[in-house]
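Asks: Next comes entry_14.txt, compact mmCIF, C-alpha atoms and all ligand atoms:
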# COMPACT_ATOMS: atom_id res chain seq x y z
CA MET A 1 0.00 0.00 0.00
CA GLN A 2 1.31 3.41 -0.89
CA ASP A 3 1.27 6.09 1.73
CA TRP A 4 0.37 9.71 2.28
CA ILE A 5 2.90 12.53 2.12
CA MET A 6 3.10 16.02 3.59
CA CYS A 7 3.40 18.32 0.59
CA GLU A 8 5.43 21.31 1.81
CA SER A 9 5.01 23.33 -1.36
CA GLU A 10 4.15 27.02 -0.95
CA PRO A 11 1.89 28.56 0.06
CA LEU A 12 -0.11 25.94 1.93
CA PRO A 13 1.42 22.74 3.30
CA HIS A 14 -1.03 19.87 3.04
CA ILE A 15 -1.34 16.12 3.23
CA THR A 16 -1.98 14.24 0.00
CA LEU A 17 -1.69 10.84 -1.69
CA PRO A 18 0.52 10.68 -4.81
CA HIS A 19 -0.95 7.37 -5.99
CA TRP A 20 -4.46 8.88 -5.99
CA GLN A 21 -3.23 11.99 -7.80
CA ASN A 22 -1.68 9.72 -10.44
CA GLU A 23 -5.19 8.38 -11.08
CA GLY A 24 -6.56 11.87 -11.73
CA VAL A 25 -7.93 12.50 -8.25
CA ALA A 26 -7.41 15.89 -6.62
CA LEU A 27 -7.31 15.55 -2.84
CA GLY A 28 -5.72 17.02 0.24
CA PHE A 29 -6.01 17.87 3.90
CA THR A 30 -4.84 21.27 5.08
CA THR A 31 -2.83 22.12 8.18
CA ARG A 32 -3.40 25.28 10.21
CA GLN A 33 -0.44 26.94 8.46
CA GLY A 34 -0.49 29.51 5.67
CA GLY A 35 -3.56 31.63 6.39
CA VAL A 36 -4.48 35.09 7.66
CA SER A 37 -6.65 34.39 10.73
CA GLN A 38 -5.49 35.43 14.19
CA GLY A 39 -5.74 34.33 17.80
CA ASN A 40 -7.28 30.91 18.34
CA TYR A 41 -7.88 30.69 14.60
CA LYS A 42 -4.27 31.26 13.59
CA SER A 43 -3.83 30.94 10.82
CA LEU A 44 -5.56 28.88 8.12
CA ASN A 45 -9.01 28.61 9.65
CA LEU A 46 -11.36 27.41 6.91
CA GLY A 47 -14.55 27.15 8.98
CA LEU A 48 -17.16 29.92 8.63
CA HIS A 49 -19.15 28.66 11.63
CA VAL A 50 -16.59 28.95 14.44
CA GLY A 51 -16.64 32.66 15.35
CA ASP A 52 -13.76 33.86 13.15
CA GLN A 53 -14.07 36.96 10.93
CA GLU A 54 -15.83 36.05 7.69
CA GLU A 55 -13.53 38.04 5.40
CA LEU A 56 -10.47 36.29 6.83
CA VAL A 57 -12.04 32.87 6.33
CA LEU A 58 -12.89 33.76 2.73
CA GLU A 59 -9.31 34.88 2.11
CA ASN A 60 -8.14 31.55 3.56
CA ARG A 61 -10.57 29.72 1.28
CA ARG A 62 -9.28 31.67 -1.72
CA ARG A 63 -5.74 30.58 -0.82
CA LEU A 64 -6.95 26.99 -0.69
CA ALA A 65 -8.64 27.35 -4.09
CA ALA A 66 -5.35 28.56 -5.54
CA VAL A 67 -3.57 25.45 -4.25
CA MET A 68 -6.34 23.28 -5.68
CA ALA A 69 -6.12 25.15 -9.01
CA SER A 70 -9.87 25.66 -8.86
CA GLY A 71 -12.24 28.53 -8.23
CA LEU A 72 -14.14 29.01 -5.00
CA ASP A 73 -17.35 28.31 -6.92
CA ASP A 74 -16.16 24.85 -7.95
CA MET A 75 -16.35 23.69 -4.33
CA VAL A 76 -19.36 22.25 -2.49
CA CYS A 77 -19.90 22.15 1.29
CA CYS A 78 -22.52 20.32 3.32
CA GLU A 79 -23.83 21.30 6.73
CA GLN A 80 -22.02 18.58 8.74
CA VAL A 81 -24.54 17.87 11.48
CA HIS A 82 -22.80 14.76 12.88
CA GLY A 83 -25.36 12.50 11.25
CA GLY A 84 -25.26 9.64 8.78
CA GLU A 85 -26.90 11.15 5.68
CA VAL A 86 -25.30 11.10 2.22
CA THR A 87 -25.97 13.21 -0.88
CA VAL A 88 -24.86 13.08 -4.51
CA VAL A 89 -23.68 16.40 -5.92
CA GLY A 90 -22.96 17.67 -9.42
CA THR A 91 -22.47 20.92 -11.25
CA GLY A 92 -25.80 22.26 -9.93
CA GLU A 93 -24.44 22.31 -6.37
CA ARG A 94 -21.18 24.07 -7.20
CA GLY A 95 -20.52 26.93 -4.79
CA ARG A 96 -22.99 25.79 -2.12
CA GLY A 97 -21.75 26.73 1.36
CA ILE A 98 -18.51 28.25 0.14
CA ARG A 99 -19.24 31.98 0.53
CA ARG A 100 -22.08 31.66 3.02
CA LEU A 101 -22.78 29.22 5.78
CA ASP A 102 -26.52 29.13 5.29
CA ASP A 103 -26.59 27.65 1.81
CA ALA A 104 -24.45 24.61 2.59
CA LEU A 105 -26.30 21.41 1.69
CA PRO A 106 -28.49 20.96 4.77
CA GLY A 107 -28.52 17.83 6.90
CA TYR A 108 -25.66 15.94 5.25
CA ASP A 109 -22.28 14.69 6.43
CA ALA A 110 -21.16 12.85 3.30
CA MET A 111 -21.05 13.90 -0.35
CA ILE A 112 -20.47 11.93 -3.54
CA THR A 113 -19.64 13.19 -7.02
CA ALA A 114 -18.83 11.71 -10.40
CA GLU A 115 -18.54 15.14 -12.01
CA PRO A 116 -14.95 16.18 -12.85
CA GLY A 117 -14.14 19.66 -11.58
CA VAL A 118 -16.60 19.56 -8.66
CA TYR A 119 -14.67 19.58 -5.39
CA LEU A 120 -16.11 18.24 -2.14
CA LEU A 121 -14.98 20.38 0.79
CA SER A 122 -15.48 19.49 4.45
CA PHE A 123 -14.12 20.81 7.73
CA TYR A 124 -12.38 19.20 10.68
CA ALA A 125 -10.92 19.73 14.12
CA ASP A 126 -10.56 16.17 15.56
CA CYS A 127 -13.29 14.33 13.62
CA VAL A 128 -11.88 11.87 11.10
CA PRO A 129 -12.15 12.55 7.35
CA VAL A 130 -12.71 9.50 5.16
CA TYR A 131 -12.07 9.76 1.41
CA ILE A 132 -13.35 7.09 -0.98
CA PHE A 133 -12.46 6.63 -4.67
CA ASP A 134 -13.94 4.16 -7.13
CA PRO A 135 -11.37 4.00 -9.96
CA VAL A 136 -13.63 1.77 -12.10
CA HIS A 137 -16.65 4.07 -12.31
CA ARG A 138 -14.72 7.30 -11.60
CA VAL A 139 -16.63 8.37 -8.49
CA VAL A 140 -15.34 10.01 -5.29
CA ALA A 141 -16.92 10.50 -1.87
CA SER A 142 -16.03 12.32 1.31
CA ALA A 143 -17.48 11.38 4.72
CA HIS A 144 -17.26 13.29 8.02
CA CYS A 145 -16.61 10.67 10.69
CA GLY A 146 -16.75 12.08 14.17
CA TRP A 147 -17.86 9.72 16.86
CA LYS A 148 -21.52 10.08 15.90
CA GLY A 149 -20.89 9.53 12.18
CA THR A 150 -18.71 6.55 13.04
CA MET A 151 -21.48 5.08 15.23
CA ALA A 152 -23.92 5.75 12.36
CA ARG A 153 -21.51 3.90 9.97
CA ILE A 154 -21.76 6.78 7.54
CA THR A 155 -19.10 5.24 5.28
CA VAL A 156 -21.31 2.15 4.83
CA ASN A 157 -24.21 4.42 3.87
CA THR A 158 -21.89 6.25 1.46
CA LEU A 159 -20.75 3.07 -0.27
CA ALA A 160 -24.38 1.92 -0.54
CA VAL A 161 -25.33 5.13 -2.36
CA MET A 162 -22.21 4.89 -4.58
CA ASN A 163 -23.28 1.33 -5.47
CA ARG A 164 -26.89 2.25 -6.14
CA GLU A 165 -26.18 5.36 -8.20
CA PHE A 166 -22.93 4.46 -9.95
CA GLY A 167 -22.35 0.70 -9.58
CA THR A 168 -19.41 1.00 -7.17
CA GLN A 169 -18.19 -2.30 -5.73
CA ALA A 170 -16.43 -1.98 -2.38
CA ASP A 171 -13.77 -4.55 -3.30
CA ALA A 172 -12.59 -2.26 -6.10
CA ALA A 173 -12.75 0.97 -4.08
CA TRP A 174 -9.90 2.80 -2.40
CA ALA A 175 -10.11 4.67 0.91
CA PHE A 176 -8.01 7.19 2.78
CA ILE A 177 -8.51 7.96 6.46
CA GLY A 178 -7.05 11.39 7.20
CA PRO A 179 -5.82 12.99 10.44
CA GLY A 180 -8.15 13.03 13.43
CA ILE A 181 -7.95 12.80 17.19
CA GLY A 182 -5.89 9.73 18.08
CA PRO A 183 -6.34 7.00 20.68
CA CYS A 184 -3.70 8.88 22.70
CA CYS A 185 -6.11 11.80 23.27
CA PHE A 186 -9.69 10.70 22.59
CA GLN A 187 -10.80 9.97 26.12
CA ILE A 188 -14.46 9.00 26.36
CA SER A 189 -16.99 8.65 29.16
CA PRO A 190 -17.87 5.22 30.58
CA ASP A 191 -21.35 5.65 29.09
CA LEU A 192 -20.01 6.25 25.58
CA GLY A 193 -17.58 3.37 26.09
CA ARG A 194 -20.54 1.05 26.71
CA ARG A 195 -22.34 2.34 23.63
CA VAL A 196 -19.25 1.80 21.47
CA HIS A 197 -18.92 -1.73 22.83
CA ASP A 198 -22.59 -2.42 22.10
CA GLU A 199 -22.29 -1.08 18.55
CA PHE A 200 -19.04 -2.92 17.74
CA PRO A 201 -19.04 -5.89 20.16
CA GLU A 202 -16.60 -7.96 18.13
CA TRP A 203 -13.84 -5.32 18.05
CA HIS A 204 -12.34 -5.44 21.53
CA ASP A 205 -9.17 -3.49 20.74
CA ILE A 206 -10.76 -0.23 19.56
CA ILE A 207 -11.03 0.97 23.18
CA SER A 208 -8.03 0.96 25.50
CA THR A 209 -8.23 1.44 29.25
CA THR A 210 -5.70 3.26 31.44
CA GLY A 211 -6.71 3.26 35.09
CA ASP A 212 -10.30 4.52 35.13
CA SER A 213 -9.96 6.20 31.74
CA GLN A 214 -11.10 4.85 28.39
CA TYR A 215 -9.68 5.93 25.03
CA TRP A 216 -11.38 5.22 21.70
CA ASN A 217 -9.46 4.66 18.48
CA LEU A 218 -11.76 6.30 15.91
CA THR A 219 -9.30 5.76 13.06
CA ALA A 220 -9.03 2.02 13.66
CA THR A 221 -12.80 1.77 14.05
CA ASN A 222 -13.36 3.43 10.69
CA ALA A 223 -10.72 1.20 9.07
CA ARG A 224 -12.54 -1.87 10.45
CA ILE A 225 -15.89 -0.58 9.19
CA LEU A 226 -14.43 -0.07 5.70
CA GLN A 227 -12.90 -3.56 5.69
CA ALA A 228 -16.12 -5.14 6.97
CA VAL A 229 -18.06 -3.64 4.07
CA GLY A 230 -15.55 -5.07 1.60
CA ILE A 231 -12.74 -2.58 0.95
CA LYS A 232 -9.44 -4.46 0.73
CA PRO A 233 -6.95 -3.64 3.51
CA ASP A 234 -4.27 -2.95 0.90
CA ASN A 235 -6.52 -0.27 -0.59
CA ILE A 236 -6.91 1.64 2.68
CA ALA A 237 -4.33 4.35 3.40
CA ILE A 238 -4.26 5.86 6.89
CA CYS A 239 -2.70 9.05 8.25
CA GLU A 240 -2.34 8.42 11.97
CA LEU A 241 -1.21 11.93 12.92
CA CYS A 242 -3.22 12.98 15.98
CA THR A 243 -4.79 16.43 15.65
CA ALA A 244 -4.66 17.01 19.42
CA CYS A 245 -0.96 16.05 19.71
CA HIS A 246 0.25 18.49 17.02
CA PRO A 247 -0.70 22.08 17.96
CA GLU A 248 1.74 23.48 15.39
CA LEU A 249 0.00 21.56 12.58
CA PHE A 250 -3.64 21.20 13.50
CA PHE A 251 -6.62 22.77 15.22
CA SER A 252 -8.16 20.47 17.84
CA PHE A 253 -11.62 20.99 19.31
CA ARG A 254 -10.78 18.81 22.31
CA ARG A 255 -7.36 20.31 23.02
CA ASP A 256 -8.45 23.91 22.43
CA ARG A 257 -11.65 23.47 24.46
CA GLY A 258 -14.00 24.27 21.62
CA GLU A 259 -12.72 27.68 20.53
CA THR A 260 -10.61 26.83 17.53
CA GLY A 261 -10.42 26.80 13.74
CA ARG A 262 -11.02 24.09 11.17
CA MET A 263 -8.83 22.30 8.67
CA ALA A 264 -10.36 21.25 5.34
CA ALA A 265 -10.45 18.03 3.41
CA TRP A 266 -10.91 18.40 -0.35
CA LEU A 267 -11.63 15.73 -2.92
CA GLY A 268 -12.56 15.79 -6.60
CA LEU A 269 -11.94 14.32 -10.02
CA GLN A 270 -9.52 16.40 -12.04
CA ARG A 271 -10.97 17.98 -15.15
ZN ZN B 1 -2.96 12.53 20.61
What is this file in structure tokens?
Replies:
Amino acid sequence: MQDWIMCESEPLPHITLPHWQNEGVALGFTTRQGGVSQGNYKSLNLGLHVGDQEELVLENRRRLAAVMASGLDDMVCCEQVHGGEVTVVGTGERGRGIRRLDDALPGYDAMITAEPGVYLLSFYADCVPVYIFDPVHRVVASAHCGWKGTMARITVNTLAVMNREFGTQADAAWAFIGPGIGPCCFQISPDLGRRVHDEFPEWHDIISTTGDSQYWNLTATNARILQAVGIKPDNIAICELCTACHPELFFSFRRDRGETGRMAAWLGLQR
């Protein structure tokens, strides 16, 4: 399996996968570096919904568009409500949620497109981004996997819609799990620990216990979910960088106690 790299090219360092790019897929995950926001949002905050100044966020988004070699209006954002709902987008949705928060596609946490030049954009500060690519039917999907989306198995829902709409077979699909909060830092309550155990009773090693504290490995859980639905382990790439452990690289909702910026995941088929 080929791995992710940190692309240090100016102006925005970002994580990407060369073997996906070689197949005509445009994808990346930003760091917090290279933007104009200040304070808790320093510097590349890409979230419009977190209390930062709108004009600074839009400048940050324009910088991202330049790195993606696209226009702002080629991107599509969904509301990200920590649910399990999936939508298919095309040219008609271009620009939704990019200049204004209130026209993001409402109620969705995963987006699918088969339209070259339409870029799925989603925002993160600890939740885990999952990217899916079907090289046979030329379809991509992006799923926001926080703990609620993981419990809702949103990636399974996503693959089901890709299959229904485009014929995607999981055993031919590729997946990339990007940076999120790691098992080092994602402490959970005993109640949530019980719910995770009830949802995934066969996977004993996704929660580790230290003294009275329980830690959940969201990345490993999502990798198991993808494998269980039929994606081959060799086709799953994982970036295990913990967003909470790397304050120089990433915003972290947990570490920064809620007042923080957002990184972005982007994914599209090159025109
Ligand atoms: Zn950590």
Asks: Could you tell me how far atom CA of A:Gly268 lies from atom CA of A:Val156, in Å and to one decimal?
Replies: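 Atom CA of A:Val156 lies at a distance of 19.8 Å from atom CA of A:Gly268.
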Asks: Take atom CA of A:Val89 and atom CA of A:Thr113 and report the distance between them in Å, one decimal.
Replies: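 Going from atom CA of A:Val89 over to atom CA of A:Thr113 covers 5.3 Å.
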Asks: Could you check which of A:Phe253, A:Cys184, A:Phe200, A:Gly193 is closest to ligand ZN 1 (chain B), using only C-alpha atoms and all ligand atoms?
Replies: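 Result for the nearest residue to ligand ZN 1 (chain B): A:Cys184.
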Asks: For each of A:Gln187, A:Thr260, A:Asn235, A:Gln33, take the minimum atom-to-atom distance to ligand ZN 1 (chain B), counting all atoms listed in the file, then give the residue where this is smallest.
Replies: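 Nearest to ligand ZN 1 (chain B): A:Gln187.
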Asks: Hey, which residues come within 6 Å of ligand ZN 1 (chain B) if we count all atoms listed in the file? Could you give them as an MDAnalysis selection string?
Replies: chainID A and resid 182 184:185 242 244:245
Asks: For the selection just defined, write its residues with C-alpha atoms to a file, as an mmCIF file, in the frame of the given file.
Replies:
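File written: selection28.cif
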data_model
loop_
_atom_site.group_PDB
_atom_site.id
_atom_site.type_symbol
_atom_site.label_atom_id
_atom_site.label_comp_id
_atom_site.auth_asym_id
_atom_site.auth_seq_id
_atom_site.Cartn_x
_atom_site.Cartn_y
_atom_site.Cartn_z
ATOM 1 C CA GLY A 182 -5.890 9.730 18.080
ATOM 2 C CA CYS A 184 -3.700 8.880 22.700
ATOM 3 C CA CYS A 185 -6.110 11.800 23.270
ATOM 4 C CA CYS A 242 -3.220 12.980 15.980
ATOM 5 C CA ALA A 244 -4.660 17.010 19.420
ATOM 6 C CA CYS A 245 -0.960 16.050 19.710
#
Asks: So, with only C-alpha atoms as the atoms that count, which of A:Val118, A:Ile225, A:Cys7, A:Val67 lies closest to A:Val130?
Replies: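 Smallest separation from A:Val130 among the options: A:Ile225.
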Asks: Quick one: residues within 8 Å of stretch 41-49 of chain A, all atoms listed in the file, excluding same-chain residues fewer than 3 positions away - as a ChimeraX atom specification?
Replies: /A:31-38,52,54,57-58,60-61,100-101,123,260-264
Asks: Can you write out the residues you just picked, keeping C-alpha atoms, as a PDB file, in the coordinates of the input?
Replies:
ATOM      1  CA  THR A  31      -2.830  22.120   8.180  1.00  0.00           C
ATOM      2  CA  ARG A  32      -3.400  25.280  10.210  1.00  0.00           C
ATOM      3  CA  GLN A  33      -0.440  26.940   8.460  1.00  0.00           C
ATOM      4  CA  GLY A  34      -0.490  29.510   5.670  1.00  0.00           C
ATOM      5  CA  GLY A  35      -3.560  31.630   6.390  1.00  0.00           C
ATOM      6  CA  VAL A  36      -4.480  35.090   7.660  1.00  0.00           C
ATOM      7  CA  SER A  37      -6.650  34.390  10.730  1.00  0.00           C
ATOM      8  CA  GLN A  38      -5.490  35.430  14.190  1.00  0.00           C
ATOM      9  CA  ASP A  52     -13.760  33.860  13.150  1.00  0.00           C
ATOM     10  CA  GLU A  54     -15.830  36.050   7.690  1.00  0.00           C
ATOM     11  CA  VAL A  57     -12.040  32.870   6.330  1.00  0.00           C
ATOM     12  CA  LEU A  58     -12.890  33.760   2.730  1.00  0.00           C
ATOM     13  CA  ASN A  60      -8.140  31.550   3.560  1.00  0.00           C
ATOM     14  CA  ARG A  61     -10.570  29.720   1.280  1.00  0.00           C
ATOM     15  CA  ARG A 100     -22.080  31.660   3.020  1.00  0.00           C
ATOM     16  CA  LEU A 101     -22.780  29.220   5.780  1.00  0.00           C
ATOM     17  CA  PHE A 123     -14.120  20.810   7.730  1.00  0.00           C
ATOM     18  CA  THR A 260     -10.610  26.830  17.530  1.00  0.00           C
ATOM     19  CA  GLY A 261     -10.420  26.800  13.740  1.00  0.00           C
ATOM     20  CA  ARG A 262     -11.020  24.090  11.170  1.00  0.00           C
ATOM     21  CA  MET A 263      -8.830  22.300   8.670  1.00  0.00           C
ATOM     22  CA  ALA A 264     -10.360  21.250   5.340  1.00  0.00           C
TER      23      ALA A 264
END
Asks: Provide stretch 235-263 of chain A rebuilt to N, CA and C atoms, formatted as a PDB file, keeping the file's coordinate frame.
Replies:
ATOM      1  N   ASN A 235      -6.006  -1.472   0.075  1.00  0.00           N
ATOM      2  CA  ASN A 235      -6.520  -0.270  -0.590  1.00  0.00           C
ATOM      3  C   ASN A 235      -6.913   0.827   0.388  1.00  0.00           C
ATOM      4  N   ILE A 236      -6.593   0.629   1.673  1.00  0.00           N
ATOM      5  CA  ILE A 236      -6.910   1.640   2.680  1.00  0.00           C
ATOM      6  C   ILE A 236      -5.613   2.299   3.152  1.00  0.00           C
ATOM      7  N   ALA A 237      -5.477   3.579   2.899  1.00  0.00           N
ATOM      8  CA  ALA A 237      -4.330   4.350   3.400  1.00  0.00           C
ATOM      9  C   ALA A 237      -4.782   5.111   4.655  1.00  0.00           C
ATOM     10  N   ILE A 238      -3.894   5.229   5.616  1.00  0.00           N
ATOM     11  CA  ILE A 238      -4.260   5.860   6.890  1.00  0.00           C
ATOM     12  C   ILE A 238      -3.184   6.863   7.282  1.00  0.00           C
ATOM     13  N   CYS A 239      -3.613   8.081   7.642  1.00  0.00           N
ATOM     14  CA  CYS A 239      -2.700   9.050   8.250  1.00  0.00           C
ATOM     15  C   CYS A 239      -3.005   9.054   9.745  1.00  0.00           C
ATOM     16  N   GLU A 240      -2.065   8.579  10.540  1.00  0.00           N
ATOM     17  CA  GLU A 240      -2.340   8.420  11.970  1.00  0.00           C
ATOM     18  C   GLU A 240      -1.889   9.619  12.805  1.00  0.00           C
ATOM     19  N   LEU A 241      -1.553  10.726  12.144  1.00  0.00           N
ATOM     20  CA  LEU A 241      -1.210  11.930  12.920  1.00  0.00           C
ATOM     21  C   LEU A 241      -2.414  12.332  13.767  1.00  0.00           C
ATOM     22  N   CYS A 242      -2.150  12.586  15.065  1.00  0.00           N
ATOM     23  CA  CYS A 242      -3.220  12.980  15.980  1.00  0.00           C
ATOM     24  C   CYS A 242      -3.363  14.506  15.968  1.00  0.00           C
ATOM     25  N   THR A 243      -4.584  14.986  15.711  1.00  0.00           N
ATOM     26  CA  THR A 243      -4.790  16.430  15.650  1.00  0.00           C
ATOM     27  C   THR A 243      -4.547  17.102  17.007  1.00  0.00           C
ATOM     28  N   ALA A 244      -4.847  16.407  18.091  1.00  0.00           N
ATOM     29  CA  ALA A 244      -4.660  17.010  19.420  1.00  0.00           C
ATOM     30  C   ALA A 244      -3.193  17.040  19.842  1.00  0.00           C
ATOM     31  N   CYS A 245      -2.383  16.146  19.327  1.00  0.00           N
ATOM     32  CA  CYS A 245      -0.960  16.050  19.710  1.00  0.00           C
ATOM     33  C   CYS A 245      -0.064  17.012  18.933  1.00  0.00           C
ATOM     34  N   HIS A 246      -0.600  17.678  17.905  1.00  0.00           N
ATOM     35  CA  HIS A 246       0.250  18.490  17.020  1.00  0.00           C
ATOM     36  C   HIS A 246      -0.286  19.914  16.910  1.00  0.00           C
ATOM     37  N   PRO A 247      -0.136  20.731  17.984  1.00  0.00           N
ATOM     38  CA  PRO A 247      -0.700  22.080  17.960  1.00  0.00           C
ATOM     39  C   PRO A 247      -0.093  22.971  16.878  1.00  0.00           C
ATOM     40  N   GLU A 248       1.119  22.665  16.430  1.00  0.00           N
ATOM     41  CA  GLU A 248       1.740  23.480  15.390  1.00  0.00           C
ATOM     42  C   GLU A 248       1.119  23.178  14.016  1.00  0.00           C
ATOM     43  N   LEU A 249       0.541  21.992  13.871  1.00  0.00           N
ATOM     44  CA  LEU A 249       0.000  21.560  12.580  1.00  0.00           C
ATOM     45  C   LEU A 249      -1.511  21.671  12.476  1.00  0.00           C
ATOM     46  N   PHE A 250      -2.191  21.392  13.600  1.00  0.00           N
ATOM     47  CA  PHE A 250      -3.640  21.200  13.500  1.00  0.00           C
ATOM     48  C   PHE A 250      -4.413  21.947  14.578  1.00  0.00           C
ATOM     49  N   PHE A 251      -5.623  22.371  14.221  1.00  0.00           N
ATOM     50  CA  PHE A 251      -6.620  22.770  15.220  1.00  0.00           C
ATOM     51  C   PHE A 251      -7.164  21.499  15.870  1.00  0.00           C
ATOM     52  N   SER A 252      -7.557  21.616  17.143  1.00  0.00           N
ATOM     53  CA  SER A 252      -8.160  20.470  17.840  1.00  0.00           C
ATOM     54  C   SER A 252      -9.253  20.982  18.756  1.00  0.00           C
ATOM     55  N   PHE A 253     -10.479  20.568  18.497  1.00  0.00           N
ATOM     56  CA  PHE A 253     -11.620  20.990  19.310  1.00  0.00           C
ATOM     57  C   PHE A 253     -11.431  20.556  20.759  1.00  0.00           C
ATOM     58  N   ARG A 254     -10.952  19.331  20.952  1.00  0.00           N
ATOM     59  CA  ARG A 254     -10.780  18.810  22.310  1.00  0.00           C
ATOM     60  C   ARG A 254      -9.651  19.555  23.033  1.00  0.00           C
ATOM     61  N   ARG A 255      -8.519  19.666  22.389  1.00  0.00           N
ATOM     62  CA  ARG A 255      -7.360  20.310  23.020  1.00  0.00           C
ATOM     63  C   ARG A 255      -7.612  21.787  23.287  1.00  0.00           C
ATOM     64  N   ASP A 256      -8.260  22.466  22.331  1.00  0.00           N
ATOM     65  CA  ASP A 256      -8.450  23.910  22.430  1.00  0.00           C
ATOM     66  C   ASP A 256      -9.768  24.273  23.116  1.00  0.00           C
ATOM     67  N   ARG A 257     -10.415  23.287  23.687  1.00  0.00           N
ATOM     68  CA  ARG A 257     -11.650  23.470  24.460  1.00  0.00           C
ATOM     69  C   ARG A 257     -12.728  24.199  23.662  1.00  0.00           C
ATOM     70  N   GLY A 258     -12.875  23.818  22.424  1.00  0.00           N
ATOM     71  CA  GLY A 258     -14.000  24.270  21.620  1.00  0.00           C
ATOM     72  C   GLY A 258     -13.758  25.513  20.794  1.00  0.00           C
ATOM     73  N   GLU A 259     -12.905  26.438  21.284  1.00  0.00           N
ATOM     74  CA  GLU A 259     -12.720  27.680  20.530  1.00  0.00           C
ATOM     75  C   GLU A 259     -11.491  27.551  19.653  1.00  0.00           C
ATOM     76  N   THR A 260     -11.732  27.103  18.415  1.00  0.00           N
ATOM     77  CA  THR A 260     -10.610  26.830  17.530  1.00  0.00           C
ATOM     78  C   THR A 260     -11.067  26.886  16.087  1.00  0.00           C
ATOM     79  N   GLY A 261     -10.106  26.759  15.166  1.00  0.00           N
ATOM     80  CA  GLY A 261     -10.420  26.800  13.740  1.00  0.00           C
ATOM     81  C   GLY A 261     -10.713  25.421  13.178  1.00  0.00           C
ATOM     82  N   ARG A 262     -10.766  25.353  11.855  1.00  0.00           N
ATOM     83  CA  ARG A 262     -11.020  24.090  11.170  1.00  0.00           C
ATOM     84  C   ARG A 262     -10.037  23.905  10.013  1.00  0.00           C
ATOM     85  N   MET A 263      -9.528  22.690   9.876  1.00  0.00           N
ATOM     86  CA  MET A 263      -8.830  22.300   8.670  1.00  0.00           C
ATOM     87  C   MET A 263      -9.882  21.891   7.632  1.00  0.00           C
TER      88      MET A 263
END
